[in-house]
Amino acid sequence: MSDRRETDGVDGGETGLTPRAGRRRRVIQQGRIVLGPDRSVACEVMDLSAAGARLRVPARIDLPEAFPLAVAADDLRTVAVRLRWRRGEFAGVTFEGAGLYVG
């Protein structure tokens, strides 16, 4: 089940200070952060925009500057992302290249 409310505001949710590049849509989808050939970590994609996403990742997991993100939407998609911010269990990423289609 997906919650598809649109959100406006700033990166990082209610406490962030950097203006967002576009409108975000709340989706709550399962994802996996690929950290190496045999290592990945489960995450939740909390919301999406045309430029990036907000992820929920266990706070104990260190994230690299850039990594592949696999998202289980209507189909399984993998996209290259760049870490923009991290606060506790939440992280903001921007899509590199084509990104994900947000309809």
# chains A, B, ... in the order shown; residues from 1 in each chain; ligands from 1
call {"tool": "residues_around", "arguments": {"residues": "region 63-74 of chain A", "least_positions_apart": "6", "cutoff": "7 Å", "atoms": "only C-alpha atoms", "output": "list in words"}}
result
Gln29, Gln30, Gly31, Arg32, Ile33, Val34, Leu35, Ala80, Val81, Arg82 and Leu83 of chain A
call {"tool": "residues_around", "arguments": {"residues": "Leu55 (chain A)", "least_positions_apart": "3", "cutoff": "10 Å", "atoms": "only C-alpha atoms", "output": "NGL selection string"}}
result
:A and (12 or 28-31 or 33 or 43-48 or 52 or 58 or 86 or 89-93)
call {"tool": "select_by_dssp", "arguments": {"residues": "region 57-87 of chain A", "states": "strand (DSSP E)", "output": "ChimeraX atom specification"}}
result
/A:66-72,76-87
call {"tool": "write_last_selection", "arguments": {"atoms": "N, CA and C atoms", "output": "compact mmCIF listing (two decimals), in the first residue's frame"}}
result
# COMPACT_ATOMS: atom_id res chain seq x y z
N ALA A 66 27.91 8.18 -2.95
CA ALA A 66 27.08 7.79 -4.09
C ALA A 66 26.90 6.27 -4.05
N PHE A 67 25.72 5.81 -4.49
CA PHE A 67 25.43 4.37 -4.46
C PHE A 67 24.22 4.07 -5.34
N PRO A 68 24.09 2.81 -5.78
CA PRO A 68 22.89 2.38 -6.49
C PRO A 68 21.75 2.15 -5.48
N LEU A 69 20.56 2.56 -5.87
CA LEU A 69 19.36 2.37 -5.05
C LEU A 69 18.36 1.57 -5.87
N ALA A 70 17.96 0.40 -5.38
CA ALA A 70 16.94 -0.42 -6.03
C ALA A 70 15.61 -0.13 -5.35
N VAL A 71 14.59 0.22 -6.15
CA VAL A 71 13.28 0.57 -5.61
C VAL A 71 12.24 -0.39 -6.17
N ALA A 72 11.47 -1.00 -5.27
CA ALA A 72 10.39 -1.89 -5.67
C ALA A 72 9.12 -1.06 -5.79
N LEU A 76 10.78 -3.36 -10.50
CA LEU A 76 12.02 -3.14 -9.76
C LEU A 76 12.92 -2.25 -10.60
N ARG A 77 13.32 -1.12 -10.05
CA ARG A 77 14.20 -0.18 -10.76
C ARG A 77 15.43 0.08 -9.91
N THR A 78 16.56 0.21 -10.58
CA THR A 78 17.79 0.59 -9.89
C THR A 78 18.28 1.89 -10.51
N VAL A 79 18.61 2.84 -9.65
CA VAL A 79 19.05 4.15 -10.10
C VAL A 79 20.27 4.58 -9.28
N ALA A 80 21.18 5.30 -9.91
CA ALA A 80 22.34 5.84 -9.21
C ALA A 80 21.90 7.09 -8.45
N VAL A 81 22.30 7.19 -7.19
CA VAL A 81 21.94 8.34 -6.37
C VAL A 81 23.18 8.92 -5.69
N ARG A 82 23.06 10.17 -5.26
CA ARG A 82 24.11 10.85 -4.50
C ARG A 82 23.51 11.33 -3.19
N LEU A 83 24.21 11.03 -2.09
CA LEU A 83 23.77 11.44 -0.76
C LEU A 83 23.89 12.96 -0.62
N ARG A 84 22.81 13.63 -0.23
CA ARG A 84 22.82 15.08 -0.04
C ARG A 84 22.82 15.47 1.43
N TRP A 85 22.11 14.70 2.27
CA TRP A 85 22.05 14.99 3.70
C TRP A 85 21.69 13.71 4.45
N ARG A 86 21.99 13.71 5.75
CA ARG A 86 21.67 12.57 6.61
C ARG A 86 21.36 13.10 8.00
N ARG A 87 20.20 12.73 8.54
CA ARG A 87 19.81 13.08 9.91
C ARG A 87 19.20 11.85 10.56
call {"tool": "closest_residue", "arguments": {"among": "A:Ala51, A:Ile61, A:Phe95, A:Val27", "to": "Arg39 (chain A)", "atoms": "only C-alpha atoms"}}
result
A:Ile61
call {"tool": "atom_distance", "arguments": {"atom1": "CA of Asp75 (chain A)", "atom2": "CA of Arg60 (chain A)"}}
result
28.6 Å
